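What follows is the content of coords.txt (compact mmCIF, C-alpha atoms).
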# COMPACT_ATOMS: atom_id res chain seq x y z
CA MET A 1 28.69 -62.35 -17.24
CA GLN A 2 29.55 -58.80 -18.33
CA TRP A 3 29.66 -57.03 -15.00
CA GLU A 4 32.37 -56.93 -12.36
CA SER A 5 30.24 -55.21 -9.75
CA LEU A 6 26.84 -53.73 -9.08
CA GLU A 7 28.30 -50.26 -9.75
CA SER A 8 29.53 -51.25 -13.18
CA PHE A 9 26.10 -52.78 -13.93
CA LEU A 10 24.33 -49.60 -12.84
CA SER A 11 26.66 -47.30 -14.74
CA MET A 12 26.17 -49.24 -18.01
CA GLY A 13 29.54 -48.14 -19.28
CA GLY A 14 28.62 -44.48 -18.73
CA TYR A 15 25.20 -44.83 -20.42
CA GLY A 16 23.31 -45.55 -17.19
CA PHE A 17 21.12 -42.44 -17.46
CA TYR A 18 19.92 -43.38 -20.95
CA VAL A 19 19.54 -47.12 -20.37
CA TRP A 20 17.85 -46.91 -16.97
CA GLY A 21 15.88 -43.83 -18.02
CA SER A 22 14.41 -46.02 -20.76
CA TYR A 23 13.71 -49.06 -18.61
CA VAL A 24 12.34 -47.23 -15.57
CA VAL A 25 9.82 -45.27 -17.66
CA CYS A 26 8.89 -48.41 -19.62
CA VAL A 27 8.17 -50.32 -16.41
CA ALA A 28 6.35 -47.32 -14.90
CA VAL A 29 3.90 -46.93 -17.79
CA ILE A 30 3.24 -50.69 -17.88
CA VAL A 31 2.55 -50.71 -14.12
CA ALA A 32 0.31 -47.67 -14.61
CA GLU A 33 -1.63 -49.51 -17.32
CA ILE A 34 -2.06 -52.57 -15.10
CA LEU A 35 -3.36 -50.38 -12.24
CA ALA A 36 -5.69 -48.52 -14.62
CA LEU A 37 -7.03 -51.84 -15.95
CA ARG A 38 -7.61 -53.11 -12.42
CA HIS A 39 -9.47 -49.92 -11.57
CA ARG A 40 -11.57 -50.07 -14.75
CA ARG A 41 -12.58 -53.68 -14.15
CA GLY A 42 -13.42 -52.89 -10.52
CA ALA A 43 -15.60 -49.95 -11.57
CA ALA A 44 -17.37 -52.02 -14.24
CA LEU A 45 -18.06 -54.82 -11.74
CA ALA A 46 -19.37 -52.32 -9.18
CA ASP A 47 -21.73 -50.91 -11.84
CA VAL A 48 -23.06 -54.39 -12.59
CA LYS A 49 -23.53 -55.09 -8.87
CA ARG A 50 -25.53 -51.86 -8.54
CA ALA A 51 -27.67 -52.67 -11.57
CA GLY A 52 -30.42 -54.17 -9.41
CA PRO A 53 -31.91 -57.65 -9.47
CA ALA A 54 -32.10 -59.64 -12.64
CA THR A 55 -35.37 -58.64 -14.28
CA GLY A 56 -35.32 -60.76 -17.36
CA ARG A 57 -34.92 -57.57 -19.36
CA ALA A 58 -32.44 -57.48 -22.17
CA THR A 59 -31.07 -54.33 -23.73
CA MET B 1 -35.42 -56.71 -29.61
CA SER B 2 -32.77 -58.74 -27.97
CA SER B 3 -29.13 -58.01 -28.59
CA VAL B 4 -27.82 -61.02 -26.71
CA THR B 5 -28.88 -63.68 -29.18
CA THR B 6 -26.14 -65.74 -30.74
CA SER B 7 -26.40 -66.90 -34.30
CA PRO B 8 -27.13 -70.63 -34.27
CA GLY B 9 -25.71 -72.38 -37.28
CA PHE B 10 -22.89 -69.88 -37.75
CA SER B 11 -20.11 -71.48 -35.73
CA LEU B 12 -17.69 -68.89 -37.09
CA PHE B 13 -19.60 -66.20 -35.24
CA ARG B 14 -20.05 -68.17 -32.04
CA TYR B 15 -17.13 -66.46 -30.33
CA ALA B 16 -18.20 -63.12 -31.75
CA ALA B 17 -20.95 -63.06 -29.11
CA PRO B 18 -19.76 -61.13 -26.04
CA ASN B 19 -21.43 -63.59 -23.65
CA VAL B 20 -19.40 -66.47 -25.14
CA PHE B 21 -16.18 -64.52 -25.47
CA TYR B 22 -16.23 -63.00 -21.98
CA PRO B 23 -15.50 -66.19 -19.98
CA LEU B 24 -13.14 -67.49 -22.68
CA ALA B 25 -11.07 -64.29 -22.50
CA GLY B 26 -11.05 -64.56 -18.72
CA ARG B 27 -9.46 -67.99 -18.91
CA MET B 28 -6.83 -66.83 -21.42
CA VAL B 29 -5.58 -63.79 -19.46
CA PRO B 30 -3.46 -65.66 -16.85
CA LEU B 31 -1.85 -67.76 -19.58
CA PHE B 32 -0.67 -64.72 -21.57
CA ALA B 33 0.34 -62.82 -18.43
CA VAL B 34 2.55 -65.69 -17.23
CA LEU B 35 4.07 -66.11 -20.71
CA ALA B 36 4.85 -62.38 -20.80
CA ALA B 37 6.59 -62.49 -17.41
CA VAL B 38 8.64 -65.61 -18.21
CA LEU B 39 9.69 -64.32 -21.66
CA ALA B 40 10.62 -60.90 -20.26
CA ALA B 41 12.72 -62.49 -17.49
CA ALA B 42 14.51 -64.68 -20.05
CA GLY B 43 14.99 -61.79 -22.49
CA LEU B 44 16.42 -59.46 -19.84
CA TYR B 45 18.71 -62.21 -18.55
CA VAL B 46 20.11 -62.91 -22.00
CA GLY B 47 20.19 -59.22 -22.91
CA PHE B 48 21.85 -57.84 -19.78
CA ILE B 49 23.82 -60.76 -18.32
CA LEU B 50 24.87 -62.89 -21.30
CA ALA B 51 25.03 -60.47 -24.23
CA PRO B 52 28.31 -58.54 -24.50
CA THR B 53 28.83 -54.80 -24.74
CA ASP B 54 28.48 -53.54 -28.32
CA ALA B 55 31.76 -52.62 -29.99
CA GLN B 56 30.43 -49.36 -31.44
CA GLN B 57 27.66 -48.20 -29.14
CA GLY B 58 28.88 -49.52 -25.80
CA ASP B 59 26.08 -50.44 -23.41
CA SER B 60 23.64 -47.82 -24.74
CA TYR B 61 22.55 -50.39 -27.34
CA ARG B 62 20.78 -52.37 -24.58
CA ILE B 63 17.85 -49.96 -25.01
CA ILE B 64 17.11 -52.01 -28.15
CA TYR B 65 15.54 -54.76 -26.02
CA ILE B 66 12.56 -52.52 -25.28
CA HIS B 67 12.79 -50.03 -28.15
CA VAL B 68 12.31 -52.44 -31.05
CA PRO B 69 9.63 -54.60 -29.36
CA SER B 70 7.54 -51.55 -28.43
CA ALA B 71 7.94 -50.02 -31.91
CA TRP B 72 6.93 -53.26 -33.63
CA MET B 73 3.96 -53.74 -31.30
CA ALA B 74 2.84 -50.14 -31.82
CA MET B 75 2.64 -50.73 -35.58
CA PHE B 76 1.24 -54.26 -35.34
CA LEU B 77 -1.45 -53.32 -32.82
CA TYR B 78 -2.54 -50.42 -35.02
CA VAL B 79 -3.14 -52.74 -37.96
CA VAL B 80 -5.03 -55.19 -35.74
CA MET B 81 -7.07 -52.34 -34.25
CA ALA B 82 -7.97 -50.99 -37.70
CA PHE B 83 -8.84 -54.52 -38.89
CA TRP B 84 -11.32 -55.12 -36.05
CA ALA B 85 -12.71 -51.58 -36.35
CA GLY B 86 -13.25 -52.26 -40.07
CA VAL B 87 -14.91 -55.62 -39.39
CA GLY B 88 -17.20 -53.89 -36.89
CA LEU B 89 -18.03 -51.22 -39.45
CA VAL B 90 -18.82 -53.69 -42.25
CA PHE B 91 -20.51 -56.55 -40.37
CA ASN B 92 -21.89 -54.50 -37.46
CA THR B 93 -20.50 -57.02 -34.98
CA ARG B 94 -20.40 -55.51 -31.51
CA LEU B 95 -17.41 -57.47 -30.24
CA SER B 96 -15.18 -56.39 -33.15
CA SER B 97 -15.66 -52.72 -32.34
CA MET B 98 -15.11 -53.38 -28.63
CA MET B 99 -11.87 -55.18 -29.56
CA ALA B 100 -10.66 -52.13 -31.49
CA GLN B 101 -11.50 -49.93 -28.52
CA ALA B 102 -9.65 -52.32 -26.19
CA ILE B 103 -6.50 -52.27 -28.32
CA ALA B 104 -6.10 -48.49 -28.66
CA PRO B 105 -4.71 -47.59 -25.19
CA THR B 106 -2.17 -50.42 -25.23
CA GLY B 107 -1.13 -49.41 -28.74
CA ALA B 108 -0.70 -45.81 -27.61
CA LEU B 109 1.39 -47.02 -24.68
CA MET B 110 3.64 -49.00 -27.03
CA ALA B 111 4.05 -45.99 -29.33
CA PHE B 112 4.95 -43.84 -26.33
CA ILE B 113 7.55 -46.36 -25.07
CA SER B 114 9.14 -46.57 -28.52
CA LEU B 115 9.37 -42.76 -28.78
CA TRP B 116 10.68 -42.35 -25.23
CA THR B 117 13.32 -45.06 -25.49
CA GLY B 118 14.21 -43.83 -28.98
CA ALA B 119 14.85 -40.33 -27.62
CA LEU B 120 17.07 -41.67 -24.85
CA TRP B 121 18.94 -43.83 -27.34
CA GLY B 122 19.22 -41.01 -29.88
CA ARG B 123 20.95 -38.65 -27.47
CA PRO B 124 24.15 -40.72 -26.95
CA THR B 125 24.24 -42.11 -30.52
CA TRP B 126 23.11 -39.11 -32.61
CA GLY B 127 23.71 -36.29 -30.15
CA THR B 128 20.03 -35.30 -30.01
CA TYR B 129 16.88 -36.49 -28.26
CA TRP B 130 14.65 -35.58 -31.14
CA VAL B 131 14.85 -34.72 -34.80
CA TRP B 132 11.97 -34.20 -37.25
CA ASP B 133 13.03 -37.08 -39.40
CA ALA B 134 10.67 -39.34 -41.35
CA ARG B 135 10.84 -42.35 -39.01
CA LEU B 136 10.44 -40.33 -35.81
CA THR B 137 7.75 -38.03 -37.17
CA SER B 138 5.64 -40.86 -38.60
CA THR B 139 5.88 -42.71 -35.27
CA LEU B 140 4.73 -39.56 -33.45
CA ILE B 141 1.78 -39.43 -35.87
CA LEU B 142 1.02 -43.05 -34.94
CA LEU B 143 0.79 -42.03 -31.28
CA PHE B 144 -1.54 -39.15 -32.23
CA LEU B 145 -3.70 -41.51 -34.32
CA TYR B 146 -4.14 -43.75 -31.26
CA LEU B 147 -4.93 -40.75 -29.04
CA GLY B 148 -7.30 -39.35 -31.68
CA PHE B 149 -9.13 -42.68 -31.90
CA ILE B 150 -9.49 -42.80 -28.11
CA ALA B 151 -10.63 -39.17 -27.88
CA LEU B 152 -13.11 -39.53 -30.74
CA GLN B 153 -14.69 -42.63 -29.19
CA ALA B 154 -14.90 -40.91 -25.82
CA ALA B 155 -16.50 -37.79 -27.32
CA ILE B 156 -19.50 -39.57 -28.87
CA ASP B 157 -22.10 -40.81 -26.39
CA ASP B 158 -23.88 -43.23 -28.71
CA LYS B 159 -21.52 -46.22 -28.64
CA ARG B 160 -22.45 -47.58 -32.04
CA ARG B 161 -21.92 -44.19 -33.67
CA ALA B 162 -18.65 -43.80 -31.77
CA ASP B 163 -17.58 -47.18 -33.17
CA LYS B 164 -18.35 -46.10 -36.73
CA ALA B 165 -16.55 -42.75 -36.47
CA GLY B 166 -13.57 -44.42 -34.80
CA ALA B 167 -13.43 -47.09 -37.49
CA VAL B 168 -13.21 -44.49 -40.26
CA LEU B 169 -10.35 -42.72 -38.46
CA ALA B 170 -8.55 -46.00 -37.74
CA LEU B 171 -8.84 -47.17 -41.36
CA VAL B 172 -7.65 -43.88 -42.84
CA GLY B 173 -4.68 -43.93 -40.43
CA VAL B 174 -3.52 -47.37 -41.62
CA VAL B 175 -1.70 -45.65 -44.47
CA ASN B 176 0.76 -44.35 -41.86
CA VAL B 177 1.99 -47.85 -40.90
CA PRO B 178 3.82 -48.70 -44.17
CA ILE B 179 5.14 -45.13 -44.15
CA ILE B 180 6.74 -45.78 -40.75
CA TYR B 181 8.13 -49.13 -41.81
CA PHE B 182 9.61 -48.01 -45.12
CA SER B 183 10.53 -44.47 -44.03
CA VAL B 184 14.16 -45.46 -43.44
CA LYS B 185 14.32 -46.65 -47.07
CA TRP B 186 12.29 -43.96 -48.79
CA TRP B 187 13.95 -40.98 -47.15
CA ASN B 188 17.41 -40.13 -46.00
CA THR B 189 16.93 -40.39 -42.27
CA LEU B 190 19.05 -40.28 -39.18
CA HIS B 191 17.36 -43.45 -38.00
CA GLN B 192 19.23 -46.57 -39.04
CA GLY B 193 17.74 -49.08 -41.46
CA ALA B 194 16.18 -52.34 -40.32
CA SER B 195 18.65 -54.64 -38.53
CA VAL B 196 16.22 -57.50 -38.76
CA LYS B 197 14.50 -58.34 -42.04
CA PRO B 198 12.73 -61.52 -43.04
CA GLY B 199 15.48 -64.04 -43.72
CA SER B 200 18.44 -61.97 -42.60
CA SER B 201 19.80 -60.06 -39.66
CA SER B 202 22.82 -57.88 -39.10
CA MET B 203 22.78 -58.38 -35.31
CA ALA B 204 24.88 -60.77 -33.26
CA ASP B 205 22.92 -63.95 -32.52
CA ILE B 206 22.86 -63.49 -28.76
CA MET B 207 21.58 -59.91 -29.03
CA LEU B 208 18.98 -61.01 -31.57
CA THR B 209 17.86 -63.84 -29.26
CA ALA B 210 17.37 -61.42 -26.37
CA MET B 211 15.51 -58.95 -28.58
CA LEU B 212 13.17 -61.59 -29.99
CA LEU B 213 12.43 -62.91 -26.48
CA MET B 214 11.45 -59.34 -25.54
CA VAL B 215 9.34 -59.00 -28.70
CA PHE B 216 7.34 -62.07 -27.69
CA ALA B 217 7.15 -60.82 -24.08
CA PHE B 218 5.67 -57.50 -25.27
CA TRP B 219 3.33 -59.37 -27.58
CA MET B 220 2.01 -61.63 -24.81
CA TYR B 221 1.69 -58.66 -22.45
CA ALA B 222 -0.28 -56.72 -25.07
CA ILE B 223 -2.68 -59.66 -25.56
CA ALA B 224 -3.22 -59.99 -21.80
CA ALA B 225 -3.78 -56.24 -21.32
CA VAL B 226 -6.14 -56.02 -24.30
CA LEU B 227 -8.18 -59.01 -23.09
CA VAL B 228 -8.55 -57.53 -19.60
CA ARG B 229 -9.66 -54.20 -21.09
CA LEU B 230 -12.01 -55.95 -23.51
CA ARG B 231 -13.70 -57.76 -20.61
CA ALA B 232 -14.15 -54.44 -18.80
CA ILE B 233 -15.60 -52.84 -21.96
CA ILE B 234 -17.99 -55.78 -22.43
CA LEU B 235 -19.24 -55.31 -18.86
CA GLU B 236 -19.56 -51.54 -19.33
CA ARG B 237 -21.57 -51.86 -22.51
CA GLU B 238 -23.66 -54.91 -21.63
CA ARG B 239 -24.28 -54.36 -17.94
CA ARG B 240 -28.03 -54.56 -18.46
CA ALA B 241 -27.93 -57.65 -20.65
CA GLN B 242 -29.53 -60.76 -19.22
CA TRP B 243 -26.38 -62.87 -19.55
CA VAL B 244 -24.41 -60.40 -17.41
CA LEU B 245 -27.07 -60.45 -14.69
CA ASP B 246 -27.23 -64.25 -14.87
CA ALA B 247 -23.44 -64.50 -14.59
CA ARG B 248 -23.58 -62.08 -11.65
CA GLU B 249 -26.06 -64.35 -9.85
CA ARG B 250 -23.73 -67.31 -10.44
CA GLY B 251 -20.74 -65.29 -9.26
CA ALA B 252 -19.15 -65.86 -12.67
CA LEU B 253 -18.09 -62.35 -13.56

Just give me the structure as structure tokens.
Amino acid sequence: MQWESLESFLSMGGYGFYVWGSYVVCVAVIVAEILALRHRRGAALADVKRAGPATGRAT
Amino acid sequence: MSSVTTSPGFSLFRYAAPNVFYPLAGRMVPLFAVLAAVLAAAGLYVGFILAPTDAQQGDSYRIIYIHVPSAWMAMFLYVVMAFWAGVGLVFNTRLSSMMAQAIAPTGALMAFISLWTGALWGRPTWGTYWVWDARLTSTLILLFLYLGFIALQAAIDDKRRADKAGAVLALVGVVNVPIIYFSVKWWNTLHQGASVKPGSSSMADIMLTAMLLMVFAFWMYAIAAVLVRLRAIILERERRAQWVLDARERGAL
């Protein structure tokens, strides 16, 4: 264990801004991608639901 | 003409049919998502709790646990994207082109993370967020290649033509990947050389362990994200196909 306290963990030996600035943005863009994917799948499913009854017609 | 026929007799192409791949991908997503979460938790535990402070760089080096995985994935995903785009171009297989399209946004995201974390690591170690050096510039070009691929595909309405144009761009851009990888050797750059090469590593074992756990976490995450996007693209492009309507009736979408 490298850290004596939460403060020392957060300060990262004085590099807190750079370390947490990296990790926070990394997590934020990954969360944004997950939300975007959820939205895209939802929209695609809604389109299929709206497509009307099965007609036996293929593209 | 039906576009939903599979090719009986060609077992190799069985999974190349979107109607076969769609449910298979759906079953694989939770597996890769769970693997990504477990590996990331393990990697961050080893990297932040067990691994010591670096003698030269202090704790700023801990950015490596996301910087290197994202940079490797950005390059790797580009090659995979170009491969599938090329397969789609040559064999005219729909799923291959959809796969390339599904990879691009996640690849762009990885390139962005590697540039962002690199800037924040560069400031305390080099004294600057950005420098027009070979490694950094070629990685920025990688991000633009991803964005160009996405924009080009979005700009062409006819999906099959969009696939072909995108494939040409993706294949031409492949030349940039070895340039990124070898840039630290070919040019005098501010960016350090590779710490990890096949067969040798200049990193402490515990730091290397944490970094490799994060590499696999990013890898598994990328697979899960690409599969989810691929399923959405399949639905978007095949929403009128009989198999989609059949699956809808069964509640199997």

Would you list the contacts of range 114-128 of chain B as a PyMOL selection string, taking every protein, DNA or RNA residue within 6 Å and counting all atoms listed in the file, but skipping same-chain residues closer than 5 positions in sequence? (chain A and resi 18+22) or (chain B and resi 67+70-71)

Between B:Leu190, B:Ile63, B:Val34, B:Phe216, single out the one closest to Phe17 in chain A, counting only C-alpha atoms. B:Ile63

Enter the distance from CA of Ala37 in chain B to CA of Ile206 in chain B, in Å, rounded to one decimal. 19.9 Å

Using only C-alpha atoms, find the one residue out of B:Ile103, B:Ala36, B:Met203, B:Ala108 that sits nearest to Val29 in chain A.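 Of the candidates, the smallest distance to Val29 in chain A is held by B:Ala108.
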
Give me, as a ChimeraX atom specification, the residues of chain B touching chain A, with the criterion being at most 9 Å (counting all atoms listed in the file). /B:1-4,48-53,58-63,66-67,105-106,109,113,116-121,123-124,225,228-229,231-233,235-236,238-246,248-249,253

Leaving out Val38 in chain B and any residue of its chain fewer than 2 positions from it, which residues lie within 12 Å of it when counting all atoms listed in the file, given as a list in words? Leu31, Phe32, Ala33, Val34, Leu35, Ala36, Ala40, Ala41, Ala42, Gly43, Leu44, Tyr45, Leu213, Met214, Phe216, Ala217, Phe218, Met220 and Tyr221 of chain B

Write out as a list in words each polymer residue whose atoms come within 7 Å of range 147-154 of chain B, counting all atoms listed in the file; drop sequence neighbours fewer than 5 positions from it. Ala104, Ala108, Ala162, Asp163, Gly166, Leu169 and Ala170 of chain B

Can you list, as JSON, numbers by chain, every protein, DNA or RNA residue that comes within 12 Å of Ala134 in chain B when you count all atoms listed in the file, leaving out same-chain residues fewer than 3 positions away? {"B": [130, 131, 137, 138, 139, 140, 141, 176, 178, 179, 180, 181, 182, 183, 184, 185, 186, 187, 188, 189, 190, 191, 192]}

Could you check how far CA of Arg160 in chain B sits from CA of Phe144 in chain B, in Å to one decimal?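 We find that CA of Arg160 in chain B and CA of Phe144 in chain B lie 22.5 Å from each other.
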
Expressed in Å, the length from CA of Gly86 in chain B to CA of Leu171 in chain B is 6.9 Å

Mind working out the centre and edge lengths of an axis-aligned box for range 36-49 of chain A, all listed atoms inside, 5 Å added to each side, rounded to one decimal in Å and written as lines of an AutoDock Vina configuration file?
center_x = -14.6
center_y = -51.8
center_z = -12.4
size_x = 27.8
size_y = 16.6
size_z = 17.1

As a list of chain:residue names, please: the residues near Phe21 in chain B (cut-off 12 Å, all atoms listed in the file, same-chain neighbours under 6 positions excluded). B:Thr6, B:Phe13, B:Arg14, B:Tyr15, B:Arg27, B:Met28, B:Arg94, B:Leu95, B:Ser96, B:Met98, B:Met99, B:Leu227, B:Val228, B:Leu230, B:Arg231, B:Ile234, B:Leu235, B:Trp243

Could you check the closest approach to Trp84 in chain B for each of B:Ala17, B:Ala167, B:Arg250, B:Leu145 and tell me which residue wins, using all atoms listed in the file? B:Ala167

Looking at B:Val226, B:Leu212, B:Ala155, B:Ala204, which one is nearest to Leu77 in chain B, with distances taken over all atoms listed in the file?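 Closest to Leu77 in chain B, using all atoms listed in the file: B:Val226.
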